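Asker: Sharing data-v2.cif here; it has mmCIF, C-alpha atoms.
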```
data_target
#
loop_
_atom_site.label_atom_id
_atom_site.label_comp_id
_atom_site.auth_asym_id
_atom_site.auth_seq_id
_atom_site.Cartn_x
_atom_site.Cartn_y
_atom_site.Cartn_z
CA MET A 164 36.08 21.29 22.72
CA ARG A 165 35.34 17.57 22.74
CA ASN A 166 31.69 18.29 23.77
CA ARG A 167 31.31 20.76 20.87
CA ILE A 168 32.56 18.18 18.36
CA ARG A 169 30.27 15.53 19.86
CA GLY A 170 27.33 18.00 19.75
CA PHE A 171 28.11 18.91 16.11
CA ALA A 172 28.36 15.21 15.15
CA SER A 173 25.06 14.46 16.88
CA ALA A 174 23.32 17.37 15.16
CA THR A 175 24.71 16.29 11.77
CA LEU A 176 23.51 12.70 12.28
CA LEU A 177 20.10 13.92 13.41
CA ALA A 178 19.76 16.15 10.34
CA ALA A 179 20.78 13.29 8.04
CA ALA A 180 18.31 10.91 9.70
CA SER A 181 15.52 13.50 9.46
CA ALA A 182 16.24 14.02 5.75
CA ALA A 183 16.18 10.25 5.15
CA VAL A 184 12.85 9.89 6.97
CA SER A 185 11.28 12.81 5.06
CA PHE A 186 12.56 11.41 1.76
CA SER A 187 11.13 7.94 2.45
CA LEU A 188 7.77 9.46 3.43
CA ALA A 189 7.74 11.63 0.30
CA ALA A 190 8.62 8.61 -1.85
CA GLN A 191 5.72 6.65 -0.30
CA GLN A 192 3.06 9.36 -0.74
CA LEU A 193 -0.34 8.02 -1.62
CA PRO A 194 -1.30 8.52 -5.28
CA GLN A 195 -4.07 11.12 -5.71
CA GLN A 196 -6.50 8.62 -7.27
CA LEU A 197 -6.41 6.55 -4.07
CA GLN A 198 -7.31 9.42 -1.74
CA PRO A 199 -10.79 9.18 -0.18
CA PRO A 200 -13.12 12.12 -0.89
CA ALA A 201 -12.32 15.35 0.97
CA ASN A 202 -15.52 15.09 3.03
CA GLU A 203 -14.42 11.80 4.62
CA GLN A 204 -12.29 10.97 7.64
CA LEU A 205 -10.43 7.84 8.73
CA LEU A 206 -12.57 5.63 10.98
CA LEU A 207 -10.24 2.67 11.51
CA GLN A 208 -7.33 0.71 10.07
CA VAL A 209 -6.81 -3.07 10.09
CA HIS A 210 -4.10 -5.41 8.84
CA ALA A 211 -5.04 -8.39 6.67
CA LYS A 212 -3.22 -11.72 6.41
CA GLY A 213 -4.49 -14.43 4.12
CA ASP A 214 -4.70 -15.47 0.48
CA GLN A 215 -5.84 -14.21 -2.88
CA ILE A 216 -7.61 -17.15 -4.56
CA TYR A 217 -7.23 -17.49 -8.33
CA ALA A 218 -8.91 -19.87 -10.78
CA CYS A 219 -7.40 -20.99 -14.08
CA LYS A 220 -9.77 -19.84 -16.83
CA SER A 221 -9.80 -19.74 -20.60
CA ASP A 222 -11.08 -16.85 -22.70
CA ALA A 223 -10.86 -17.14 -26.50
CA GLY A 224 -8.15 -19.78 -26.16
CA LYS A 225 -6.02 -17.68 -23.80
CA PHE A 226 -5.44 -19.17 -20.35
CA THR A 227 -5.05 -16.88 -17.33
CA TRP A 228 -5.23 -16.96 -13.55
CA THR A 229 -8.35 -14.92 -12.69
CA LEU A 230 -9.12 -13.60 -9.22
CA LYS A 231 -11.92 -15.59 -7.60
CA ALA A 232 -11.90 -14.08 -4.09
CA PRO A 233 -9.79 -12.90 -1.18
CA ASP A 234 -9.72 -15.01 1.99
CA ALA A 235 -8.08 -13.15 4.87
CA GLN A 236 -8.27 -12.51 8.59
CA LEU A 237 -8.31 -8.87 9.73
CA PHE A 238 -6.38 -7.72 12.81
CA ASP A 239 -6.59 -4.47 14.77
CA LYS A 240 -3.60 -2.33 15.79
CA ASP A 241 -3.05 -4.53 18.87
CA GLY A 242 -2.95 -7.71 16.78
CA LYS A 243 -6.37 -8.89 17.97
CA LEU A 244 -8.72 -10.55 15.49
CA PHE A 245 -11.09 -7.87 14.13
CA GLY A 246 -12.93 -9.79 11.43
CA LYS A 247 -12.55 -11.27 7.96
CA HIS A 248 -12.29 -10.33 4.28
CA PHE A 249 -13.90 -12.52 1.63
CA ALA A 250 -15.66 -12.68 -1.76
CA GLY A 251 -17.72 -9.66 -2.74
CA PRO A 252 -15.28 -8.11 -1.97
CA SER A 253 -16.67 -7.94 1.55
CA TRP A 254 -15.31 -7.12 4.99
CA GLU A 255 -17.03 -8.32 8.16
CA ALA A 256 -16.25 -7.22 11.71
CA ASN A 257 -16.62 -9.54 14.70
CA ASP A 258 -19.63 -7.42 15.79
CA GLY A 259 -21.52 -8.68 12.70
CA SER A 260 -21.40 -5.46 10.67
CA ARG A 261 -20.42 -6.04 7.05
CA VAL A 262 -19.69 -3.95 3.96
CA THR A 263 -19.35 -4.90 0.31
CA GLY A 264 -17.47 -2.68 -2.09
CA LYS A 265 -16.49 -1.99 -5.66
CA ALA A 266 -12.98 -0.89 -6.67
CA VAL A 267 -13.01 2.55 -8.30
CA ALA A 268 -9.26 3.25 -8.60
CA ASN A 269 -5.96 1.41 -8.36
CA ALA A 270 -2.23 2.07 -8.45
CA PRO A 271 0.69 -0.34 -8.69
CA SER A 272 2.23 -1.40 -5.40
CA PRO A 273 5.75 -0.05 -4.85
CA ASP A 274 6.62 -3.77 -4.59
CA ALA A 275 6.35 -5.10 -8.17
CA GLU A 276 5.62 -8.62 -6.88
CA SER A 277 2.53 -7.48 -4.95
CA ILE A 278 -1.09 -6.82 -5.82
CA PRO A 279 -2.09 -3.20 -6.54
CA TRP A 280 -3.23 -0.63 -4.02
CA LEU A 281 -6.96 0.17 -4.29
CA LEU A 282 -9.68 2.68 -3.49
CA VAL A 283 -13.02 0.93 -2.97
CA ASN A 284 -16.46 2.53 -2.70
CA VAL A 285 -18.86 0.78 -0.34
CA ILE A 286 -22.00 -0.30 -2.22
CA SER A 287 -23.86 -2.13 0.57
CA HIS A 288 -24.00 -2.38 4.37
CA ASP A 289 -25.31 -5.12 6.68
CA GLY A 290 -25.59 -4.93 10.46
CA SER A 291 -25.27 -1.94 12.77
CA GLY A 292 -21.73 -2.25 14.15
CA VAL A 293 -18.45 -0.46 13.54
CA LEU A 294 -18.52 -0.89 9.74
CA SER A 295 -22.04 0.52 9.34
CA ARG A 296 -20.71 4.07 8.77
CA VAL A 297 -17.94 3.14 6.29
CA THR A 298 -18.16 4.77 2.85
CA THR A 299 -14.72 4.06 1.32
CA ILE A 300 -11.90 1.58 1.87
CA GLN A 301 -8.25 1.84 0.86
CA ARG A 302 -6.05 -1.23 0.36
CA LEU A 303 -2.43 -0.17 0.93
CA ASN A 304 0.99 -1.59 1.81
CA THR A 305 0.34 -4.84 -0.05
CA LYS A 306 2.81 -7.71 0.12
CA GLY A 307 2.39 -10.69 -2.21
CA GLY A 308 -0.93 -11.93 -3.54
CA LYS A 309 -0.08 -11.52 -7.21
CA ALA A 310 -1.18 -14.24 -9.65
CA PRO A 311 1.68 -16.14 -11.28
CA ALA A 312 2.36 -15.36 -14.94
CA THR A 313 2.57 -19.06 -15.82
CA GLY A 314 1.03 -22.39 -14.83
CA CYS A 315 -2.49 -21.86 -16.17
CA ASP A 316 -3.05 -24.02 -19.27
CA ALA A 317 -5.51 -26.57 -20.66
CA SER A 318 -4.33 -29.22 -18.20
CA HIS A 319 -5.02 -26.86 -15.23
CA LEU A 320 -8.33 -25.41 -16.43
CA GLY A 321 -10.67 -24.87 -13.45
CA GLN A 322 -7.90 -25.44 -10.91
CA GLU A 323 -7.62 -23.00 -7.99
CA LEU A 324 -4.45 -21.47 -6.60
CA ARG A 325 -4.03 -19.65 -3.28
CA VAL A 326 -1.37 -16.92 -3.15
CA PRO A 327 -0.47 -15.56 0.34
CA TYR A 328 -0.74 -11.79 0.85
CA SER A 329 -0.95 -9.11 3.48
CA ALA A 330 -2.26 -5.55 3.27
CA ASP A 331 -3.53 -2.66 5.33
CA TYR A 332 -7.20 -1.67 4.93
CA LEU A 333 -8.20 1.87 5.89
CA PHE A 334 -11.93 2.44 6.43
CA SER A 335 -13.26 6.00 6.07
CA GLU A 336 -16.63 7.52 6.89
CA ALA A 337 -18.43 10.62 5.61
CA THR A 338 -18.41 13.69 7.81
CA CYS A 339 -21.28 16.13 8.33
CA VAL A 340 -21.56 19.18 6.14
CA SER A 341 -23.05 21.75 8.48
CA PRO A 342 -22.16 25.46 8.33
CA GLY A 343 -21.63 25.57 12.10
CA LEU A 344 -19.05 22.77 11.94
CA GLN A 345 -16.77 24.15 9.22
CA THR A 346 -13.12 24.64 10.05
CA PRO A 347 -10.34 25.87 7.77
CA GLY A 348 -8.83 23.05 5.73
CA PRO A 349 -6.40 22.96 2.83
CA PRO A 350 -6.57 26.00 0.50
CA GLY A 351 -9.95 26.12 -1.20
CA ARG A 352 -11.48 23.45 1.05
CA LEU A 353 -13.28 23.25 4.34
CA ALA A 354 -12.77 20.43 6.81
CA TYR A 355 -15.68 18.99 8.78
CA LYS A 356 -14.86 17.39 12.08
CA GLN A 357 -18.13 15.98 13.37
CA SER A 358 -19.26 12.54 12.20
CA CYS A 359 -22.75 12.16 10.72
#
```
Let's see the structure in the file written out as structure tokens.

Answerer:
Amino acid sequence: MRNRIRGFASATLLAAASAAVSFSLAAQQLPQQLQPPANEQLLLQVHAKGDQIYACKSDAGKFTWTLKAPDAQLFDKDGKLFGKHFAGPSWEANDGSRVTGKAVANAPSPDAESIPWLLVNVISHDGSGVLSRVTTIQRLNTKGGKAPATGCDASHLGQELRVPYSADYLFSEATCVSPGLQTPGPPGRLAYKQSC
């Protein structure tokens, strides 16, 4: 009898834990506007730690902190230095390959004190390394980096401010569209598994 009660309690706890995990995953689903195109696949993911650099500027008498550039180190899943992220916005791997992008969509971070999540289209490539095939980049799981609402005024005009941040960057690449490589995907779509 005692084993049955223990088994029932264990099953109940497991069900509750599973429900909590599914709820947290559902609550953290990626907004549709930040999804890469359907014909792309994830190539790699890195974690960034660094600063968002802001400059105090004036426009029509209104003073605001304006983003100048990111300045961050990029780390792979094992915590090893992968490369850097800097003005452009650009990302450069240690192998010398580099991409520059342009943000095409954003969504607020679940953390109100953090910079938005982004979808970035790559507009230029340099080098022939790991980043040479990247077509889109997602900035997700941001922590910090948001410009302060105050502190930029006439006495601080031109001054720079560094705000620490971290984020995950997901790099995607296009996949081949070849009739022989089609596999069933979500309803109404085909998935392509081979890289171009």

Asker: In Å, with one decimal, what is the gap from atom CA of Cys315 of chain A to atom CA of Ser253 of chain A?

Answerer: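 Computed distance, atom CA of Cys315 of chain A to atom CA of Ser253 of chain A, equals 26.6 Å.
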
Asker: Selection in question (the file shown): the PyMOL selection byres ((chain A and resi 283-289) around 8). Which residues does it include, as an MDAnalysis selection string?

Answerer: chainID A and resid 259:268 281:282 290:291 294:295 297:301

Asker: Looking at all atoms listed in the file, which of A:Leu207, A:Leu197, A:Ala218, A:Leu333 is the one that sits closest to Asp316 of chain A?

Answerer: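 Of all the options, A:Ala218 lies closest to Asp316 of chain A.
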
Asker: So which residues touch segment 237-251 of chain A within 6 Å, counting all atoms listed in the file, skipping near sequence neighbours fewer than 6 positions away, as JSON, numbers by chain?

Answerer: {"A": [209, 210, 211, 257, 263]}

Asker: What is the atom CA of Gln215 of chain A-atom CA of Glu276 of chain A distance in Å, reported with one decimal?

Answerer: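 Atom CA of Gln215 of chain A sits 13.4 Å away from atom CA of Glu276 of chain A.
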
Asker: Tell me, in Å to one decimal, how far atom CA of Tyr332 of chain A is from atom CA of Pro252 of chain A.

Answerer: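 So the two atoms, atom CA of Tyr332 of chain A and atom CA of Pro252 of chain A, lie 12.4 Å apart.
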
Asker: Between A:Ala330, A:Leu193, A:Ala310, A:Leu205, single out the one closest to Lys231 of chain A, counting all atoms listed in the file.

Answerer: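 For Lys231 of chain A, the nearest of the candidates is A:Ala310.
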
Asker: Quick one: residues within 10 Å of Asp274 of chain A, only C-alpha atoms, excluding same-chain residues fewer than 5 positions away - as number ranges by chain?

Answerer: A: 279, 304-307

Asker: Counting all atoms listed in the file, which residue out of A:Thr227, A:Ser277, A:Gln236, A:Ser335 sits closest to Ala312 of chain A?

Answerer: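 Ranking A:Thr227, A:Ser277, A:Gln236, A:Ser335 by distance to Ala312 of chain A, first place goes to A:Thr227.
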
Asker: Out of A:Thr338, A:Thr313, A:Gln322, A:Thr229, which residue has the shortest atom-to-atom distance to Ala201 of chain A when counting all atoms listed in the file?

Answerer: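 For Ala201 of chain A, the nearest of the candidates is A:Thr338.
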
Asker: Taking all atoms listed in the file into account, name the residue in A:Phe334, A:Pro194, A:Ile216, A:Leu206 that is nearest to Trp228 of chain A.

Answerer: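 Distance minimum relative to Trp228 of chain A lands on A:Ile216.
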
Asker: Quick one: of A:Ala270, A:Pro233, A:Cys219, A:Lys225, who's nearest to Gln195 of chain A, counting all atoms listed in the file?

Answerer: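 Ranking A:Ala270, A:Pro233, A:Cys219, A:Lys225 by distance to Gln195 of chain A, first place goes to A:Ala270.
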
Asker: Determine, counting all atoms listed in the file, every residue of protein, DNA or RNA that lies within 9 Å of (-6.3, -27.0, -21.7) in the file coordinates, then give the result as a list in words.

Answerer: Ser221, Gly224, Phe226, Cys315, Asp316, Ala317, Ser318, His319 and Leu320 of chain A

Asker: Next, dump the selected residues to file, keeping only C-alpha atoms, as a PDB file, keeping the file's coordinate frame.

Answerer:
```
ATOM      1  CA  SER A 221      -9.800 -19.740 -20.600  1.00  0.00           C
ATOM      2  CA  GLY A 224      -8.150 -19.780 -26.160  1.00  0.00           C
ATOM      3  CA  PHE A 226      -5.440 -19.170 -20.350  1.00  0.00           C
ATOM      4  CA  CYS A 315      -2.490 -21.860 -16.170  1.00  0.00           C
ATOM      5  CA  ASP A 316      -3.050 -24.020 -19.270  1.00  0.00           C
ATOM      6  CA  ALA A 317      -5.510 -26.570 -20.660  1.00  0.00           C
ATOM      7  CA  SER A 318      -4.330 -29.220 -18.200  1.00  0.00           C
ATOM      8  CA  HIS A 319      -5.020 -26.860 -15.230  1.00  0.00           C
ATOM      9  CA  LEU A 320      -8.330 -25.410 -16.430  1.00  0.00           C
TER      10      LEU A 320
END
```

Asker: Starting from the incomplete input, reconstruct N, CA and C atoms of segment 285-303 of chain A and report them as a short mmCIF file (atom, residue, chain, number, x, y, z; two decimals), in the frame of the given file.

Answerer:
```cif
data_model
loop_
_atom_site.label_atom_id
_atom_site.label_comp_id
_atom_site.auth_asym_id
_atom_site.auth_seq_id
_atom_site.Cartn_x
_atom_site.Cartn_y
_atom_site.Cartn_z
N VAL A 285 -17.93 1.72 -0.95
CA VAL A 285 -18.86 0.78 -0.34
C VAL A 285 -20.20 0.88 -1.07
N ILE A 286 -20.73 -0.29 -1.49
CA ILE A 286 -22.00 -0.30 -2.22
C ILE A 286 -23.14 -0.92 -1.41
N SER A 287 -22.79 -1.62 -0.30
CA SER A 287 -23.86 -2.13 0.57
C SER A 287 -23.35 -2.33 1.99
N HIS A 288 -24.27 -2.21 2.94
CA HIS A 288 -24.00 -2.38 4.37
C HIS A 288 -24.95 -3.42 4.95
N ASP A 289 -24.47 -4.20 5.91
CA ASP A 289 -25.31 -5.12 6.68
C ASP A 289 -24.91 -4.97 8.14
N GLY A 290 -25.89 -5.03 9.04
CA GLY A 290 -25.59 -4.93 10.46
C GLY A 290 -25.44 -3.49 10.91
N SER A 291 -25.31 -3.31 12.23
CA SER A 291 -25.27 -1.94 12.77
C SER A 291 -24.03 -1.69 13.62
N GLY A 292 -22.95 -2.41 13.36
CA GLY A 292 -21.73 -2.25 14.15
C GLY A 292 -20.78 -1.22 13.58
N VAL A 293 -19.50 -1.42 13.87
CA VAL A 293 -18.45 -0.46 13.54
C VAL A 293 -18.35 -0.16 12.04
N LEU A 294 -18.65 -1.12 11.18
CA LEU A 294 -18.52 -0.89 9.74
C LEU A 294 -19.75 -0.24 9.12
N SER A 295 -20.80 -0.01 9.89
CA SER A 295 -22.04 0.52 9.34
C SER A 295 -21.91 1.94 8.81
N ARG A 296 -20.89 2.68 9.22
CA ARG A 296 -20.71 4.07 8.77
C ARG A 296 -19.67 4.19 7.65
N VAL A 297 -19.03 3.09 7.27
CA VAL A 297 -17.94 3.14 6.29
C VAL A 297 -18.47 3.47 4.90
N THR A 298 -17.77 4.38 4.21
CA THR A 298 -18.16 4.77 2.85
C THR A 298 -17.08 4.44 1.82
N THR A 299 -15.80 4.46 2.22
CA THR A 299 -14.72 4.06 1.32
C THR A 299 -13.69 3.25 2.08
N ILE A 300 -12.96 2.43 1.31
CA ILE A 300 -11.90 1.58 1.87
C ILE A 300 -10.68 1.71 0.98
N GLN A 301 -9.52 1.83 1.60
CA GLN A 301 -8.25 1.84 0.86
C GLN A 301 -7.50 0.55 1.18
N ARG A 302 -6.95 -0.09 0.15
CA ARG A 302 -6.05 -1.23 0.36
C ARG A 302 -4.65 -0.72 0.04
N LEU A 303 -3.78 -0.72 1.05
CA LEU A 303 -2.43 -0.17 0.93
C LEU A 303 -1.40 -1.14 1.49
#
```
